[in-house]
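Asks: Questions regarding the structure given below will be posed in turn.
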Amino acid sequence: MNAAVQALRLQDVHKSFGKLEVLKGIDLDMAEHEVVCLIGASGSGKSTLLRCVNLLDSIDRGRILLDGVDITSRGVKVNEVRRRIGIVFQAFNLFPHMTVIRNITLGPTEALKLSRQEAEERAADLLDRFGLADKRDDYPDRLSGGQQQRVAIVRALAMQPEIMLLDEVTSALDPELVAEVLNVIRELAQGGMTMLIATHEMSFARDIASRVCFLDDGRILEQGPPERIFTQPENARTREFLQRIIDAGRL
Amino acid sequence: MSSGNPSDLQPIVDEGPGPQQGDRRSRLLGGSLRQEGVKGVAIAVASTAVVLFVIVWVVVHSANWPAVKQAFFNGQEFKDTFPEIARRFGRNIAYFLIAEVFILAFALVLAVMRSLTGPVFFPLRLMAIVYIDLFRGIPLILLVYLLGFGVPGLELKGVPAAGEFWGVIALILCYSAYVAEVYRAGIESVHPSQVGAARALALSRWKTLRFVVIPQAVRRVVPPLLNDFIGLQKDTALIAFVGLIPEAFKQATIDQQADFNFTPLLCAAVLFLAITIPMTRLVDWLLARQRARRQAGTAL
């Protein structure tokens, strides 16, 4: 493990909001092209973990390394880190006053300094690839939730990130819209994108993940290949959590 | 505005139903009439006619009406003085337009200064707060007097001495404080997740503000901004007290003092209304549209 430089490495990451400690020492290594799914109950720290990796929240203790370089030390240029890490949010967070194409080109033109034309070509290619070409000039409120989330994914991809963080990207969607978004993510995984995914979609996690991590109360209690985690969980808390999911008919 | 009506300052961004102007408009004019149909319209017209008739009858039959009519509603006097006052009213419009451009820009700077977070920006934040407190707290007429007479009195070299100039500056200083608060409310109404999304795209703080926060904030506060425009348009009359060249109100008082007939003041009032009433209707229309959009569940 130590020999190869990990794409992403978290070492003893702690994060508190006031007196509430949300992350209580997270260690996680991710190799390039790996798809790691974070599962666990709401409030277990999945979203906070992703926000910390993208430096949207600062950590209190520990280190996060991207390609072997500490991105949580002082003097790191956060915008340079964020150019390399894309994040997609549960609530899409598209910019409502901009058209789809402008939502997607904003980052490339303003942060990557691409020309407008280059950025638009890149965006058009991506929209085409994900079946959204005809939505190019629409405003987000004209789109369905599934389409909005696909645009949000395209917006993150347009930055050509090395790693994608997906934060429960299907949780705000009507059930019939979930599949179209999951298909996009599946395609990304097949294309070799390194992804850290927080999700409640267990069957999707089982399908797509190279590794599943069970988060409970700010700690990774158990991790391993999905076949093992979902069929022979070792930890009692993992078993309990999966039993609840099965009872709810979601696995 | 100089009366400091606090409702002028609220941007219409909250989600809950409130007693806002949009509601009032549709209740008074649009909504209820449409629902009640032709019969409703007939009743509304009839009751309005009756009320107006009673008021006019009482006024016209008051003991002193002929004298009042002569002093305030003199047709000939109106005809004689209106053209010159209307010409002078052009100055009021010019003052308004010039002041407005500077107010919109300066107030935005103030609002952004006040919205900055982090200890580094504390001095800027403090400056903005002190400025806003100061200039919102001084009666506008006092400010007009102080600047309009005070600064030219200093006889500084290279500084304009015209009272009009300093009157407009007073308007800019005062209204910028109000408008800054309107902007700030708009800026604070933009959800933090929008900032997060922009920052996640590696946009700097400044670019996040410029491309994501301010455009959304400004769209939301257009109606309350227009409210302040209306106040500003009226308050250009205050320049009468420090200017040498008459604007509409000053011209009206000159005409009034010439023959002790008050009708010229009515001329000036009519001119101000001709501008402010359409603006008020525009605000109502914008508010109603905003409300309709909110109810349709779409983001602004």
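So you can find residues: chains in the structure tokens are A, B, ... in the order shown, residues in each start at 1, and ligands are numbered from 1 in order.
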Taking 3 positions as the minimum chain separation for residues in the same chain, which residues sit within 12 Å of Asp80 in chain B when counting only C-alpha atoms? Answer as a list in words.
Replies: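 The contact residues come out as Asn74, Gly75, Gln76, Glu77, Pro83, Glu84, Ile85, Ala86, Ala252, Asp255, Gln256, Asn261, Thr263, Pro264 and Cys267 of chain B.
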Asks: Give the residues of chain B that lie within 12 Å of chain A; count only C-alpha atoms, and format the answer as JSON, numbers by chain.
Replies: {"B": [190, 191, 192, 193, 194, 195, 196, 197, 198, 199, 200, 201, 202, 203, 204, 205, 206, 207, 208, 210, 211, 212, 213, 214, 215, 216, 217, 218, 219, 220, 293, 294, 296, 297, 298, 299, 300]}
Asks: Residues of range 154-192 of chain A that have any atom at most 10 Å from an atom of range 121-135 of chain A: could you tabulate them with the shortest-distance atom pair and the distance in Å to one decimal, using only C-alpha atoms, ordered by chain and increasing number, as a tab-separated table?
Replies:
```
residue	atom	partner	partner_atom	distance
A:Val154	CA	A:Leu126	CA	6.3
A:Arg155	CA	A:Ala123	CA	7.9
A:Leu157	CA	A:Leu126	CA	8.0
A:Ala158	CA	A:Ala123	CA	6.3
A:Met159	CA	A:Arg122	CA	9.5
A:Gln160	CA	A:Arg122	CA	9.8
A:Glu180	CA	A:Phe130	CA	9.5
A:Val181	CA	A:Phe130	CA	9.7
A:Asn183	CA	A:Phe130	CA	9.5
A:Val184	CA	A:Phe130	CA	7.0
A:Glu187	CA	A:Phe130	CA	9.5
```
Asks: What's the separation between CA of Glu227 in chain A and CA of Ala205 in chain A, in Å to one decimal place?
Replies: 10.2 Å
Asks: Would you kindly return, as number ranges by chain, each protein, DNA or RNA residue with an atom no farther than 12 Å from any atom of Val270 in chain B, considering only C-alpha atoms and excluding same-chain residues fewer than 2 positions away?
Replies: B: 78, 82, 85-86, 89, 234, 248-249, 252, 263-268, 272-277
Asks: Enumerate the residues of range 24-231 of chain A with a DSSP assignment of helix (DSSP H, G or I), computed from the backbone, and present them as a CSV table (one decimal) with N, CA and C atoms, in the first residue's frame.
Replies:
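Below you can see selection09.csv, which holds the result:
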```csv
chain,number,residue,atom,x,y,z
A,46,LYS,N,-21.2,11.1,6.1
A,46,LYS,CA,-20.8,10.9,4.7
A,46,LYS,C,-20.6,12.2,3.9
A,47,SER,N,-21.6,13.1,4.1
A,47,SER,CA,-21.6,14.4,3.3
A,47,SER,C,-20.4,15.2,3.8
A,48,THR,N,-20.2,15.3,5.1
A,48,THR,CA,-19.2,16.1,5.7
A,48,THR,C,-17.8,15.6,5.2
A,49,LEU,N,-17.7,14.3,5.1
A,49,LEU,CA,-16.4,13.7,4.6
A,49,LEU,C,-16.1,14.2,3.2
A,50,LEU,N,-17.2,14.2,2.3
A,50,LEU,CA,-17.0,14.6,0.9
A,50,LEU,C,-16.6,16.1,0.9
A,51,ARG,N,-17.4,16.9,1.7
A,51,ARG,CA,-17.1,18.3,1.7
A,51,ARG,C,-15.7,18.6,2.2
A,52,CYS,N,-15.2,17.9,3.1
A,52,CYS,CA,-13.8,18.1,3.6
A,52,CYS,C,-12.8,17.8,2.5
A,53,VAL,N,-13.1,16.7,1.8
A,53,VAL,CA,-12.1,16.3,0.7
A,53,VAL,C,-12.0,17.5,-0.3
A,78,VAL,N,-6.5,26.5,-2.5
A,78,VAL,CA,-7.7,25.7,-2.5
A,78,VAL,C,-8.3,25.6,-3.9
A,79,ASN,N,-8.2,26.6,-4.7
A,79,ASN,CA,-8.8,26.6,-6.0
A,79,ASN,C,-8.1,25.6,-6.9
A,80,GLU,N,-6.8,25.5,-6.7
A,80,GLU,CA,-6.0,24.5,-7.5
A,80,GLU,C,-6.5,23.1,-7.2
A,81,VAL,N,-6.7,22.9,-5.9
A,81,VAL,CA,-7.2,21.5,-5.5
A,81,VAL,C,-8.6,21.3,-6.1
A,82,ARG,N,-9.5,22.3,-6.0
A,82,ARG,CA,-10.8,22.1,-6.4
A,82,ARG,C,-10.9,21.9,-7.9
A,83,ARG,N,-10.0,22.4,-8.7
A,83,ARG,CA,-9.9,22.2,-10.1
A,83,ARG,C,-9.8,20.7,-10.4
A,84,ARG,N,-9.1,20.0,-9.4
A,84,ARG,CA,-8.8,18.5,-9.7
A,84,ARG,C,-9.9,17.6,-9.1
A,100,VAL,N,-28.3,26.2,-19.1
A,100,VAL,CA,-27.6,25.0,-18.9
A,100,VAL,C,-26.1,25.1,-19.4
A,101,ILE,N,-26.0,25.7,-20.6
A,101,ILE,CA,-24.6,25.8,-21.1
A,101,ILE,C,-23.7,26.7,-20.3
A,102,ARG,N,-24.3,27.8,-19.8
A,102,ARG,CA,-23.6,28.7,-19.0
A,102,ARG,C,-23.2,28.1,-17.6
A,103,ASN,N,-24.1,27.4,-17.1
A,103,ASN,CA,-23.8,26.6,-15.8
A,103,ASN,C,-22.6,25.8,-16.0
A,104,ILE,N,-22.5,25.2,-17.2
A,104,ILE,CA,-21.4,24.2,-17.4
A,104,ILE,C,-20.1,24.9,-17.8
A,105,THR,N,-20.2,26.1,-18.5
A,105,THR,CA,-19.0,26.7,-18.9
A,105,THR,C,-18.4,27.7,-17.9
A,106,LEU,N,-19.2,28.0,-16.9
A,106,LEU,CA,-18.7,29.0,-15.9
A,106,LEU,C,-17.3,28.6,-15.3
A,107,GLY,N,-17.3,27.4,-14.8
A,107,GLY,CA,-16.0,27.0,-14.2
A,107,GLY,C,-14.9,26.9,-15.2
A,108,PRO,N,-15.0,26.3,-16.3
A,108,PRO,CA,-14.0,26.2,-17.3
A,108,PRO,C,-13.5,27.6,-17.8
A,109,THR,N,-14.4,28.6,-18.0
A,109,THR,CA,-14.0,29.9,-18.5
A,109,THR,C,-13.4,30.7,-17.4
A,110,GLU,N,-13.9,30.7,-16.2
A,110,GLU,CA,-13.5,31.6,-15.1
A,110,GLU,C,-12.4,31.0,-14.2
A,116,ARG,N,-14.1,31.0,-24.3
A,116,ARG,CA,-15.6,30.7,-24.3
A,116,ARG,C,-15.9,29.6,-25.3
A,117,GLN,N,-15.2,29.7,-26.4
A,117,GLN,CA,-15.5,28.7,-27.5
A,117,GLN,C,-15.1,27.3,-27.1
A,118,GLU,N,-13.9,27.3,-26.6
A,118,GLU,CA,-13.4,25.9,-26.1
A,118,GLU,C,-14.3,25.4,-25.1
A,119,ALA,N,-14.7,26.2,-24.1
A,119,ALA,CA,-15.5,25.7,-23.0
A,119,ALA,C,-16.9,25.2,-23.5
A,120,GLU,N,-17.4,26.0,-24.5
A,120,GLU,CA,-18.7,25.6,-25.1
A,120,GLU,C,-18.6,24.3,-25.9
A,121,GLU,N,-17.5,24.1,-26.6
A,121,GLU,CA,-17.3,22.9,-27.3
A,121,GLU,C,-17.3,21.7,-26.3
A,122,ARG,N,-16.5,21.9,-25.3
A,122,ARG,CA,-16.3,20.8,-24.3
A,122,ARG,C,-17.7,20.5,-23.7
A,123,ALA,N,-18.5,21.6,-23.3
A,123,ALA,CA,-19.8,21.4,-22.7
A,123,ALA,C,-20.7,20.7,-23.7
A,124,ALA,N,-20.7,21.1,-24.9
A,124,ALA,CA,-21.6,20.5,-25.9
A,124,ALA,C,-21.3,19.0,-26.1
A,125,ASP,N,-20.0,18.7,-26.1
A,125,ASP,CA,-19.7,17.3,-26.2
A,125,ASP,C,-20.3,16.4,-25.1
A,126,LEU,N,-20.1,17.0,-23.8
A,126,LEU,CA,-20.6,16.3,-22.7
A,126,LEU,C,-22.1,16.2,-22.7
A,127,LEU,N,-22.8,17.3,-23.0
A,127,LEU,CA,-24.3,17.3,-23.1
A,127,LEU,C,-24.7,16.2,-24.0
A,128,ASP,N,-24.0,16.2,-25.2
A,128,ASP,CA,-24.4,15.2,-26.2
A,128,ASP,C,-24.2,13.8,-25.7
A,129,ARG,N,-23.1,13.6,-25.0
A,129,ARG,CA,-22.8,12.2,-24.5
A,129,ARG,C,-23.9,11.8,-23.5
A,133,ALA,N,-28.3,17.3,-25.1
A,133,ALA,CA,-28.0,18.3,-26.1
A,133,ALA,C,-29.1,19.3,-26.3
A,134,ASP,N,-30.4,18.9,-26.3
A,134,ASP,CA,-31.5,19.8,-26.6
A,134,ASP,C,-31.8,20.7,-25.4
A,135,LYS,N,-31.1,20.5,-24.3
A,135,LYS,CA,-31.4,21.3,-23.1
A,135,LYS,C,-30.4,22.5,-23.0
A,140,PRO,N,-32.4,26.0,-15.7
A,140,PRO,CA,-32.6,24.8,-14.9
A,140,PRO,C,-34.0,24.5,-14.5
A,141,ASP,N,-34.8,25.6,-14.2
A,141,ASP,CA,-36.1,25.3,-13.7
A,141,ASP,C,-37.1,24.8,-14.8
A,142,ARG,N,-36.6,24.7,-16.0
A,142,ARG,CA,-37.4,24.0,-17.0
A,142,ARG,C,-37.1,22.5,-17.1
A,145,GLY,N,-36.0,16.9,-12.3
A,145,GLY,CA,-34.9,16.7,-11.4
A,145,GLY,C,-33.8,15.9,-11.9
A,146,GLY,N,-34.1,14.8,-12.6
A,146,GLY,CA,-33.1,13.9,-13.2
A,146,GLY,C,-32.2,14.6,-14.2
A,147,GLN,N,-32.9,15.5,-15.0
A,147,GLN,CA,-32.1,16.2,-16.0
A,147,GLN,C,-31.2,17.2,-15.3
A,148,GLN,N,-31.7,17.9,-14.3
A,148,GLN,CA,-30.9,18.9,-13.5
A,148,GLN,C,-29.7,18.2,-12.9
A,149,GLN,N,-29.9,17.0,-12.3
A,149,GLN,CA,-28.8,16.4,-11.7
A,149,GLN,C,-27.8,15.9,-12.7
A,150,ARG,N,-28.2,15.5,-13.9
A,150,ARG,CA,-27.3,15.1,-15.0
A,150,ARG,C,-26.5,16.3,-15.4
A,151,VAL,N,-27.2,17.5,-15.5
A,151,VAL,CA,-26.5,18.7,-15.9
A,151,VAL,C,-25.4,19.0,-14.8
A,152,ALA,N,-25.8,18.8,-13.5
A,152,ALA,CA,-24.8,19.1,-12.4
A,152,ALA,C,-23.6,18.2,-12.6
A,153,ILE,N,-23.8,17.0,-13.0
A,153,ILE,CA,-22.7,16.0,-13.1
A,153,ILE,C,-21.8,16.5,-14.3
A,154,VAL,N,-22.5,16.9,-15.4
A,154,VAL,CA,-21.8,17.4,-16.5
A,154,VAL,C,-21.0,18.7,-16.2
A,155,ARG,N,-21.6,19.5,-15.3
A,155,ARG,CA,-20.9,20.7,-14.9
A,155,ARG,C,-19.6,20.4,-14.2
A,156,ALA,N,-19.7,19.4,-13.3
A,156,ALA,CA,-18.5,19.0,-12.6
A,156,ALA,C,-17.4,18.3,-13.6
A,157,LEU,N,-18.0,17.5,-14.5
A,157,LEU,CA,-17.0,16.8,-15.5
A,157,LEU,C,-16.3,17.8,-16.4
A,175,PRO,N,-38.5,8.6,-7.6
A,175,PRO,CA,-38.0,7.2,-7.9
A,175,PRO,C,-37.8,7.0,-9.3
A,176,GLU,N,-38.8,7.4,-10.2
A,176,GLU,CA,-38.6,7.1,-11.6
A,176,GLU,C,-37.5,7.8,-12.3
A,177,LEU,N,-36.9,8.8,-11.6
A,177,LEU,CA,-35.8,9.6,-12.2
A,177,LEU,C,-34.5,9.1,-11.8
A,178,VAL,N,-34.4,8.2,-10.8
A,178,VAL,CA,-33.2,7.8,-10.2
A,178,VAL,C,-32.3,7.1,-11.3
A,179,ALA,N,-33.0,6.2,-12.1
A,179,ALA,CA,-32.2,5.4,-13.0
A,179,ALA,C,-31.3,6.2,-14.0
A,180,GLU,N,-31.9,7.2,-14.5
A,180,GLU,CA,-31.2,8.0,-15.6
A,180,GLU,C,-29.9,8.6,-15.0
A,181,VAL,N,-30.0,9.0,-13.7
A,181,VAL,CA,-28.8,9.5,-13.1
A,181,VAL,C,-27.8,8.4,-12.8
A,182,LEU,N,-28.3,7.3,-12.2
A,182,LEU,CA,-27.3,6.2,-11.9
A,182,LEU,C,-26.7,5.7,-13.2
A,183,ASN,N,-27.4,5.7,-14.3
A,183,ASN,CA,-26.8,5.2,-15.5
A,183,ASN,C,-25.6,6.1,-15.9
A,184,VAL,N,-25.7,7.4,-15.7
A,184,VAL,CA,-24.6,8.3,-16.0
A,184,VAL,C,-23.4,7.9,-15.2
A,185,ILE,N,-23.7,7.7,-13.9
A,185,ILE,CA,-22.5,7.4,-13.0
A,185,ILE,C,-21.9,6.1,-13.3
A,186,ARG,N,-22.7,5.1,-13.7
A,186,ARG,CA,-22.2,3.8,-14.1
A,186,ARG,C,-21.3,4.0,-15.3
A,187,GLU,N,-21.7,4.8,-16.3
A,187,GLU,CA,-20.9,5.1,-17.5
A,187,GLU,C,-19.6,5.7,-17.1
A,188,LEU,N,-19.6,6.6,-16.1
A,188,LEU,CA,-18.3,7.2,-15.6
A,188,LEU,C,-17.4,6.1,-15.0
A,189,ALA,N,-18.0,5.3,-14.2
A,189,ALA,CA,-17.2,4.2,-13.6
A,189,ALA,C,-16.6,3.3,-14.6
A,190,GLN,N,-17.3,3.0,-15.7
A,190,GLN,CA,-16.8,2.1,-16.7
A,190,GLN,C,-15.7,2.8,-17.5
A,202,MET,N,-28.4,0.9,-2.2
A,202,MET,CA,-27.5,-0.2,-1.9
A,202,MET,C,-27.3,-1.1,-3.1
A,203,SER,N,-28.3,-1.3,-3.9
A,203,SER,CA,-28.1,-2.2,-5.0
A,203,SER,C,-27.2,-1.6,-6.0
A,204,PHE,N,-27.3,-0.3,-6.2
A,204,PHE,CA,-26.4,0.4,-7.0
A,204,PHE,C,-24.9,0.3,-6.5
A,205,ALA,N,-24.8,0.5,-5.2
A,205,ALA,CA,-23.4,0.4,-4.6
A,205,ALA,C,-22.8,-1.0,-4.9
A,206,ARG,N,-23.7,-2.0,-4.7
A,206,ARG,CA,-23.2,-3.4,-4.9
A,206,ARG,C,-22.8,-3.6,-6.3
A,207,ASP,N,-23.5,-3.0,-7.3
A,207,ASP,CA,-23.2,-3.1,-8.7
A,207,ASP,C,-21.9,-2.4,-9.1
A,208,ILE,N,-21.7,-1.2,-8.6
A,208,ILE,CA,-20.7,-0.4,-9.2
A,208,ILE,C,-19.4,-0.3,-8.4
A,226,PRO,N,-17.9,-5.2,-2.2
A,226,PRO,CA,-19.3,-5.1,-2.0
A,226,PRO,C,-19.9,-6.5,-1.7
A,227,GLU,N,-19.4,-7.6,-2.4
A,227,GLU,CA,-19.9,-8.9,-2.3
A,227,GLU,C,-19.8,-9.3,-0.8
A,228,ARG,N,-18.7,-9.0,-0.2
A,228,ARG,CA,-18.5,-9.4,1.2
A,228,ARG,C,-19.3,-8.5,2.2
A,229,ILE,N,-19.3,-7.2,2.0
A,229,ILE,CA,-20.0,-6.3,2.9
A,229,ILE,C,-21.5,-6.6,2.9
A,230,PHE,N,-22.0,-6.8,1.7
A,230,PHE,CA,-23.5,-7.0,1.6
A,230,PHE,C,-23.9,-8.4,2.0
A,231,THR,N,-23.0,-9.4,1.9
A,231,THR,CA,-23.5,-10.8,2.2
A,231,THR,C,-22.9,-11.3,3.6
```
Asks: Just the number, please: distance in Å from CA of Cys37 in chain A to CA of Arg74 in chain A, one decimal.
Replies: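 We find that CA of Cys37 in chain A and CA of Arg74 in chain A lie 29.0 Å from each other.
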Asks: Do you have the CA of Val76 in chain A-CA of Ser115 in chain B distance handy?
Replies: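 Interatomic distance here is 25.1 Å.
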Asks: Would you kindly return, as a list in words, each protein, DNA or RNA residue with an atom no farther than 12 Å from any atom of Ile98 in chain B, considering only C-alpha atoms and excluding same-chain residues fewer than 6 positions away?
Replies: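 Counting only C-alpha atoms, the residues come to Arg91, Asn92, Leu104, Ala105, Glu164, Phe165, Gly167, Val168, Ile169, Leu171, Ile172, Phe229, Leu232, Gln233 and Thr236 of chain B.
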